[in-house]
file structure_9.cif (mmCIF, C-alpha atoms)
data_coords
#
loop_
_atom_site.label_atom_id
_atom_site.label_comp_id
_atom_site.auth_asym_id
_atom_site.auth_seq_id
_atom_site.Cartn_x
_atom_site.Cartn_y
_atom_site.Cartn_z
CA MET A 1 -77.24 -187.65 65.16
CA VAL A 2 -74.66 -190.37 64.66
CA GLU A 3 -75.70 -192.28 67.77
CA ASN A 4 -79.34 -192.35 66.62
CA ASN A 5 -78.60 -192.85 62.91
CA LEU A 6 -80.33 -189.59 61.97
CA GLY A 7 -79.57 -187.47 58.95
CA LEU A 8 -81.71 -184.51 59.99
CA LEU A 9 -82.99 -182.85 63.14
CA VAL A 10 -85.98 -180.52 63.30
CA ILE A 11 -85.35 -177.30 65.21
CA CYS A 12 -88.37 -175.94 67.05
CA ASP A 13 -88.97 -172.29 67.82
CA ALA A 14 -87.59 -171.32 71.25
CA GLU A 15 -90.83 -169.62 72.30
CA ASP A 16 -93.35 -171.89 70.58
CA LYS A 17 -92.19 -175.50 70.51
CA THR A 18 -95.00 -176.38 68.10
CA LYS A 19 -93.45 -174.26 65.31
CA VAL A 20 -90.57 -175.33 63.10
CA ALA A 21 -87.71 -172.83 63.12
CA GLY A 22 -85.46 -174.79 60.80
CA VAL A 23 -83.64 -178.06 60.30
CA ILE A 24 -80.04 -179.15 60.55
CA SER A 25 -78.76 -181.94 58.37
CA GLU A 26 -75.54 -183.86 58.00
CA ARG A 27 -74.99 -181.77 54.89
CA ASP A 28 -75.36 -178.52 56.85
CA ILE A 29 -72.77 -179.68 59.36
CA ILE A 30 -70.31 -180.81 56.68
CA LYS A 31 -70.70 -177.53 54.77
CA SER A 32 -70.09 -175.54 57.95
CA ILE A 33 -66.91 -177.49 58.77
CA VAL A 34 -65.62 -177.12 55.20
CA SER A 35 -66.24 -173.37 55.44
CA GLY A 36 -64.08 -173.21 58.58
CA LYS A 37 -66.70 -173.20 61.33
CA LEU A 38 -66.01 -175.13 64.50
CA LEU A 39 -68.24 -177.85 65.95
CA ASN A 40 -69.18 -175.51 68.82
CA THR A 41 -70.79 -173.05 66.37
CA PRO A 42 -74.44 -172.42 67.36
CA VAL A 43 -76.90 -174.55 65.41
CA ALA A 44 -78.82 -171.43 64.35
CA GLU A 45 -75.78 -170.29 62.34
CA VAL A 46 -75.56 -173.40 60.18
CA SER A 47 -79.13 -174.69 60.02
CA THR A 48 -81.48 -174.46 57.06
CA LYS A 49 -84.26 -171.96 57.69
CA HIS A 50 -86.38 -172.76 54.61
CA VAL A 51 -88.04 -176.01 55.63
CA VAL A 52 -89.75 -178.20 53.07
CA ALA A 53 -92.74 -179.93 54.63
CA VAL A 54 -95.65 -182.13 53.66
CA LYS A 55 -98.92 -182.71 55.48
CA ALA A 56 -99.36 -186.00 57.32
CA ASN A 57 -102.22 -186.96 55.01
CA SER A 58 -100.14 -186.39 51.85
CA GLU A 59 -99.34 -189.30 49.58
CA VAL A 60 -95.82 -190.72 49.75
CA ALA A 61 -95.38 -189.62 46.15
CA GLU A 62 -95.78 -185.99 47.21
CA ALA A 63 -92.92 -186.33 49.71
CA ALA A 64 -90.72 -187.98 47.08
CA LYS A 65 -91.52 -185.28 44.53
CA ALA A 66 -90.76 -182.54 47.07
CA MET A 67 -87.37 -184.14 47.78
CA ASN A 68 -86.61 -184.32 44.08
CA ARG A 69 -87.83 -180.80 43.32
CA HIS A 70 -85.77 -179.24 46.12
CA ARG A 71 -82.83 -181.66 45.78
CA ILE A 72 -83.02 -182.69 49.42
CA ARG A 73 -83.08 -186.01 51.23
CA HIS A 74 -85.61 -185.25 53.99
CA VAL A 75 -88.99 -183.56 54.35
CA VAL A 76 -90.65 -182.61 57.60
CA VAL A 77 -94.13 -184.04 58.15
CA VAL A 78 -96.62 -181.66 59.79
CA ASP A 79 -100.16 -182.04 61.06
CA GLU A 80 -103.14 -179.90 60.06
CA LEU A 81 -101.90 -177.12 62.40
CA ASN A 82 -98.38 -177.22 60.86
CA LYS A 83 -97.01 -178.81 64.03
CA PRO A 84 -94.04 -181.08 63.23
CA ILE A 85 -94.84 -184.74 63.81
CA GLY A 86 -92.07 -186.52 61.93
CA VAL A 87 -89.59 -186.68 59.08
CA VAL A 88 -89.57 -188.77 55.92
CA SER A 89 -86.18 -189.48 54.39
CA MET A 90 -85.08 -190.75 51.03
CA ARG A 91 -83.70 -193.73 52.96
CA ASP A 92 -87.25 -194.45 54.16
CA LEU A 93 -88.49 -194.42 50.59
CA VAL A 94 -85.65 -196.51 49.21
CA GLY A 95 -86.37 -199.09 51.87
CA GLU A 96 -89.87 -199.48 50.49
CA ARG A 97 -89.53 -200.92 47.01
CA ALA A 98 -93.28 -201.15 46.53
CA THR A 99 -93.57 -197.47 47.43
CA LEU A 100 -90.96 -196.49 44.87
CA THR A 101 -92.70 -198.57 42.22
CA ALA A 102 -95.97 -196.80 43.00
CA ILE A 103 -94.27 -193.42 42.82
CA LEU A 104 -92.71 -194.19 39.47
CA GLN A 105 -96.06 -195.35 38.14
CA SER A 106 -97.90 -192.31 39.45
CA GLN A 107 -100.21 -190.44 37.14
CA GLU A 108 -97.74 -187.61 36.57
CA LYS A 109 -94.86 -189.99 35.73
CA GLU A 110 -92.26 -187.38 36.63
CA VAL A 111 -88.66 -188.32 36.01
CA PHE A 112 -86.39 -188.10 39.02
CA ILE A 113 -83.43 -185.93 38.21
CA GLY A 114 -80.08 -185.64 40.00
CA GLY A 115 -79.80 -184.92 43.69
CA ASP A 116 -78.11 -187.17 46.16
#
call {"tool": "encode", "arguments": {"input": "structure_9.cif", "output": "structure tokens"}}
result
Amino acid sequence: MVENNLGLLVICDAEDKTKVAGVISERDIIKSIVSGKLLNTPVAEVSTKHVVAVKANSEVAEAAKAMNRHRIRHVVVVDELNKPIGVVSMRDLVGERATLTAILQSQEKEVFIGGD
């Protein structure tokens, strides 16, 4: 993850590689180390099983709102068959000032609260 500057990896099902089994984030790894687990602990023991995803044809605002609602920094992007095709991160959104402006001016005008 460090070598590729990634904050999250998608874990695919062992039997069906087109299905998401979970995700593992920098946060998951840090929490596991703080709780006393070693770095050779199996990924399945420290990964997040409840994956927040958006469809590829969703608006960027939907991804941002999902991150805010669930207090996460990444959402998995899936196609119409729920096959993972990518990840959108808060870093991606922050890098796009015009996108953030559009999100803030969206029709719902939700206020972003907390999170990191």
call {"tool": "atom_distance", "arguments": {"input": "structure_9.cif", "atom1": "CA of Ile11 (chain A)", "atom2": "CA of Pro42 (chain A)"}}
result
12.1 Å
call {"tool": "resolve_selection", "arguments": {"input": "structure_9.cif", "expression": "the PyMOL selection byres ((chain A and resi 20-30) around 7)", "output": "list in words"}}
result
Gly7, Leu8, Leu9, Val10, Ile11, Cys12, Asp13, Thr18, Lys19, Lys31, Ser32, Ile33, Val34, Val46, Ser47, Thr48, Lys49, His50, Val51 and Pro84 of chain A
call {"tool": "resolve_selection", "arguments": {"input": "structure_9.cif", "expression": "the PyMOL selection byres ((chain A and resi 67) around 12)", "output": "ChimeraX atom specification"}}
result
/A:51-54,60-66,68-76,87-91,93,112-116
call {"tool": "closest_residue", "arguments": {"input": "structure_9.cif", "among": "A:Asp92, A:Asn5, A:Ser58, A:Thr41", "to": "Val78 (chain A)", "atoms": "all atoms listed in the file"}}
result
A:Ser58
call {"tool": "atom_distance", "arguments": {"input": "structure_9.cif", "atom1": "CA of Thr101 (chain A)", "atom2": "CA of Glu59 (chain A)"}}
result
13.6 Å
call {"tool": "closest_residue", "arguments": {"input": "structure_9.cif", "among": "A:Ser35, A:Asn4, A:Lys55, A:Ala44", "to": "Asn82 (chain A)", "atoms": "all atoms listed in the file"}}
result
A:Lys55
call {"tool": "atom_distance", "arguments": {"input": "structure_9.cif", "atom1": "CA of Val43 (chain A)", "atom2": "CA of Lys17 (chain A)"}}
result
16.1 Å
call {"tool": "axis_aligned_box", "arguments": {"input": "structure_9.cif", "around": "region 25-28 of chain A", "padding_each_side": "5 Å", "output": "lines of an AutoDock Vina configuration file"}}
result
center_x = -76.9
center_y = -181.2
center_z = 56.6
size_x = 13.8
size_y = 15.3
size_z = 13.5
call {"tool": "decode", "arguments": {"input": "structure_9.cif", "residues": "chain A", "atoms": "C-alpha atoms", "output": "PDB file, in the first residue's frame"}}
result
ATOM      1  CA  MET A   1       0.000   0.000   0.000  1.00  0.00           C
ATOM      2  CA  VAL A   2       2.797   2.397   0.876  1.00  0.00           C
ATOM      3  CA  GLU A   3       4.740   1.691  -2.307  1.00  0.00           C
ATOM      4  CA  ASN A   4       1.678   2.449  -4.450  1.00  0.00           C
ATOM      5  CA  ASN A   5       0.380   5.340  -2.319  1.00  0.00           C
ATOM      6  CA  LEU A   6      -2.908   3.533  -1.616  1.00  0.00           C
ATOM      7  CA  GLY A   7      -5.087   4.014   1.418  1.00  0.00           C
ATOM      8  CA  LEU A   8      -7.411   1.095   0.706  1.00  0.00           C
ATOM      9  CA  LEU A   9      -7.352  -2.278  -1.006  1.00  0.00           C
ATOM     10  CA  VAL A  10     -10.421  -4.156  -2.205  1.00  0.00           C
ATOM     11  CA  ILE A  11     -10.509  -7.813  -1.176  1.00  0.00           C
ATOM     12  CA  CYS A  12     -12.203 -10.107  -3.668  1.00  0.00           C
ATOM     13  CA  ASP A  13     -13.965 -13.336  -2.788  1.00  0.00           C
ATOM     14  CA  ALA A  14     -11.617 -16.338  -3.006  1.00  0.00           C
ATOM     15  CA  GLU A  15     -14.061 -18.356  -5.110  1.00  0.00           C
ATOM     16  CA  ASP A  16     -15.599 -15.568  -7.182  1.00  0.00           C
ATOM     17  CA  LYS A  17     -13.095 -12.827  -7.975  1.00  0.00           C
ATOM     18  CA  THR A  18     -15.893 -10.601  -9.270  1.00  0.00           C
ATOM     19  CA  LYS A  19     -17.420 -10.267  -5.775  1.00  0.00           C
ATOM     20  CA  VAL A  20     -16.169  -7.928  -3.070  1.00  0.00           C
ATOM     21  CA  ALA A  21     -15.445  -9.746   0.191  1.00  0.00           C
ATOM     22  CA  GLY A  22     -14.240  -6.689   2.078  1.00  0.00           C
ATOM     23  CA  VAL A  23     -11.691  -3.910   2.146  1.00  0.00           C
ATOM     24  CA  ILE A  24      -8.584  -3.211   4.157  1.00  0.00           C
ATOM     25  CA  SER A  25      -7.556   0.346   4.874  1.00  0.00           C
ATOM     26  CA  GLU A  26      -4.643   2.062   6.530  1.00  0.00           C
ATOM     27  CA  ARG A  27      -7.008   2.633   9.438  1.00  0.00           C
ATOM     28  CA  ASP A  28      -7.772  -1.101   9.713  1.00  0.00           C
ATOM     29  CA  ILE A  29      -4.064  -1.886   9.846  1.00  0.00           C
ATOM     30  CA  ILE A  30      -3.330   0.793  12.446  1.00  0.00           C
ATOM     31  CA  LYS A  31      -6.245  -0.347  14.624  1.00  0.00           C
ATOM     32  CA  SER A  32      -5.051  -3.953  14.446  1.00  0.00           C
ATOM     33  CA  ILE A  33      -1.495  -3.005  15.474  1.00  0.00           C
ATOM     34  CA  VAL A  34      -2.770  -0.854  18.347  1.00  0.00           C
ATOM     35  CA  SER A  35      -4.890  -3.794  19.517  1.00  0.00           C
ATOM     36  CA  GLY A  36      -1.777  -5.993  19.642  1.00  0.00           C
ATOM     37  CA  LYS A  37      -2.039  -7.902  16.368  1.00  0.00           C
ATOM     38  CA  LEU A  38       1.121  -8.602  14.417  1.00  0.00           C
ATOM     39  CA  LEU A  39       1.739  -7.607  10.796  1.00  0.00           C
ATOM     40  CA  ASN A  40       1.545 -11.282   9.787  1.00  0.00           C
ATOM     41  CA  THR A  41      -2.091 -11.478  10.951  1.00  0.00           C
ATOM     42  CA  PRO A  42      -4.325 -12.673   8.074  1.00  0.00           C
ATOM     43  CA  VAL A  43      -6.026  -9.828   6.222  1.00  0.00           C
ATOM     44  CA  ALA A  44      -9.430 -11.449   6.784  1.00  0.00           C
ATOM     45  CA  GLU A  45      -9.037 -10.888  10.545  1.00  0.00           C
ATOM     46  CA  VAL A  46      -8.562  -7.129  10.315  1.00  0.00           C
ATOM     47  CA  SER A  47     -10.439  -6.130   7.170  1.00  0.00           C
ATOM     48  CA  THR A  48     -13.771  -4.348   6.999  1.00  0.00           C
ATOM     49  CA  LYS A  49     -16.532  -6.661   5.806  1.00  0.00           C
ATOM     50  CA  HIS A  50     -19.269  -4.030   5.389  1.00  0.00           C
ATOM     51  CA  VAL A  51     -18.245  -2.348   2.151  1.00  0.00           C
ATOM     52  CA  VAL A  52     -19.744   0.968   1.122  1.00  0.00           C
ATOM     53  CA  ALA A  53     -20.063   1.133  -2.651  1.00  0.00           C
ATOM     54  CA  VAL A  54     -21.493   3.365  -5.343  1.00  0.00           C
ATOM     55  CA  LYS A  55     -22.413   2.510  -8.907  1.00  0.00           C
ATOM     56  CA  ALA A  56     -20.096   3.696 -11.674  1.00  0.00           C
ATOM     57  CA  ASN A  57     -22.835   5.910 -13.090  1.00  0.00           C
ATOM     58  CA  SER A  58     -23.444   7.655  -9.743  1.00  0.00           C
ATOM     59  CA  GLU A  59     -22.735  11.346  -9.389  1.00  0.00           C
ATOM     60  CA  VAL A  60     -19.568  12.341  -7.552  1.00  0.00           C
ATOM     61  CA  ALA A  61     -21.796  13.968  -4.939  1.00  0.00           C
ATOM     62  CA  GLU A  62     -23.250  10.562  -4.071  1.00  0.00           C
ATOM     63  CA  ALA A  63     -19.775   9.178  -3.348  1.00  0.00           C
ATOM     64  CA  ALA A  64     -18.925  12.213  -1.204  1.00  0.00           C
ATOM     65  CA  LYS A  65     -22.191  11.922   0.719  1.00  0.00           C
ATOM     66  CA  ALA A  66     -21.613   8.194   1.308  1.00  0.00           C
ATOM     67  CA  MET A  67     -18.156   8.958   2.709  1.00  0.00           C
ATOM     68  CA  ASN A  68     -19.591  11.602   4.997  1.00  0.00           C
ATOM     69  CA  ARG A  69     -22.551   9.497   6.109  1.00  0.00           C
ATOM     70  CA  HIS A  70     -20.377   6.484   6.981  1.00  0.00           C
ATOM     71  CA  ARG A  71     -17.389   8.557   8.184  1.00  0.00           C
ATOM     72  CA  ILE A  72     -15.010   6.862   5.777  1.00  0.00           C
ATOM     73  CA  ARG A  73     -12.430   8.091   3.302  1.00  0.00           C
ATOM     74  CA  HIS A  74     -12.996   5.620   0.437  1.00  0.00           C
ATOM     75  CA  VAL A  75     -15.903   4.073  -1.442  1.00  0.00           C
ATOM     76  CA  VAL A  76     -15.702   1.149  -3.817  1.00  0.00           C
ATOM     77  CA  VAL A  77     -17.050   1.770  -7.312  1.00  0.00           C
ATOM     78  CA  VAL A  78     -18.993  -1.132  -8.845  1.00  0.00           C
ATOM     79  CA  ASP A  79     -20.508  -1.764 -12.252  1.00  0.00           C
ATOM     80  CA  GLU A  80     -24.116  -2.723 -12.961  1.00  0.00           C
ATOM     81  CA  LEU A  81     -23.348  -6.332 -11.895  1.00  0.00           C
ATOM     82  CA  ASN A  82     -21.761  -5.157  -8.595  1.00  0.00           C
ATOM     83  CA  LYS A  83     -18.313  -6.099  -9.881  1.00  0.00           C
ATOM     84  CA  PRO A  84     -15.636  -3.837  -8.370  1.00  0.00           C
ATOM     85  CA  ILE A  85     -14.070  -1.535 -10.938  1.00  0.00           C
ATOM     86  CA  GLY A  86     -12.367   1.090  -8.805  1.00  0.00           C
ATOM     87  CA  VAL A  87     -12.176   3.172  -5.658  1.00  0.00           C
ATOM     88  CA  VAL A  88     -12.892   6.849  -5.065  1.00  0.00           C
ATOM     89  CA  SER A  89     -11.088   8.464  -2.151  1.00  0.00           C
ATOM     90  CA  MET A  90     -11.587  11.687  -0.281  1.00  0.00           C
ATOM     91  CA  ARG A  91      -8.131  12.606  -1.595  1.00  0.00           C
ATOM     92  CA  ASP A  92      -9.519  12.265  -5.145  1.00  0.00           C
ATOM     93  CA  LEU A  93     -12.337  14.636  -4.284  1.00  0.00           C
ATOM     94  CA  VAL A  94     -10.162  17.155  -2.488  1.00  0.00           C
ATOM     95  CA  GLY A  95      -7.921  17.252  -5.534  1.00  0.00           C
ATOM     96  CA  GLU A  96     -10.858  18.411  -7.615  1.00  0.00           C
ATOM     97  CA  ARG A  97     -11.848  21.825  -6.321  1.00  0.00           C
ATOM     98  CA  ALA A  98     -14.532  22.250  -8.953  1.00  0.00           C
ATOM     99  CA  THR A  99     -16.027  18.929  -7.898  1.00  0.00           C
ATOM    100  CA  LEU A 100     -16.155  19.976  -4.263  1.00  0.00           C
ATOM    101  CA  THR A 101     -17.780  23.264  -5.212  1.00  0.00           C
ATOM    102  CA  ALA A 102     -20.424  21.377  -7.174  1.00  0.00           C
ATOM    103  CA  ILE A 103     -21.023  19.029  -4.259  1.00  0.00           C
ATOM    104  CA  LEU A 104     -21.440  21.891  -1.826  1.00  0.00           C
ATOM    105  CA  GLN A 105     -23.871  23.588  -4.182  1.00  0.00           C
ATOM    106  CA  SER A 106     -25.881  20.423  -4.757  1.00  0.00           C
ATOM    107  CA  GLN A 107     -29.631  20.560  -4.455  1.00  0.00           C
ATOM    108  CA  GLU A 108     -29.652  18.903  -1.036  1.00  0.00           C
ATOM    109  CA  LYS A 109     -27.003  21.273   0.385  1.00  0.00           C
ATOM    110  CA  GLU A 110     -26.024  18.788   3.065  1.00  0.00           C
ATOM    111  CA  VAL A 111     -23.475  19.960   5.584  1.00  0.00           C
ATOM    112  CA  PHE A 112     -20.388  17.803   5.884  1.00  0.00           C
ATOM    113  CA  ILE A 113     -19.888  16.808   9.475  1.00  0.00           C
ATOM    114  CA  GLY A 114     -16.780  15.439  11.196  1.00  0.00           C
ATOM    115  CA  GLY A 115     -14.902  12.424   9.929  1.00  0.00           C
ATOM    116  CA  ASP A 116     -11.304  12.451   8.905  1.00  0.00           C
TER     117      ASP A 116
END
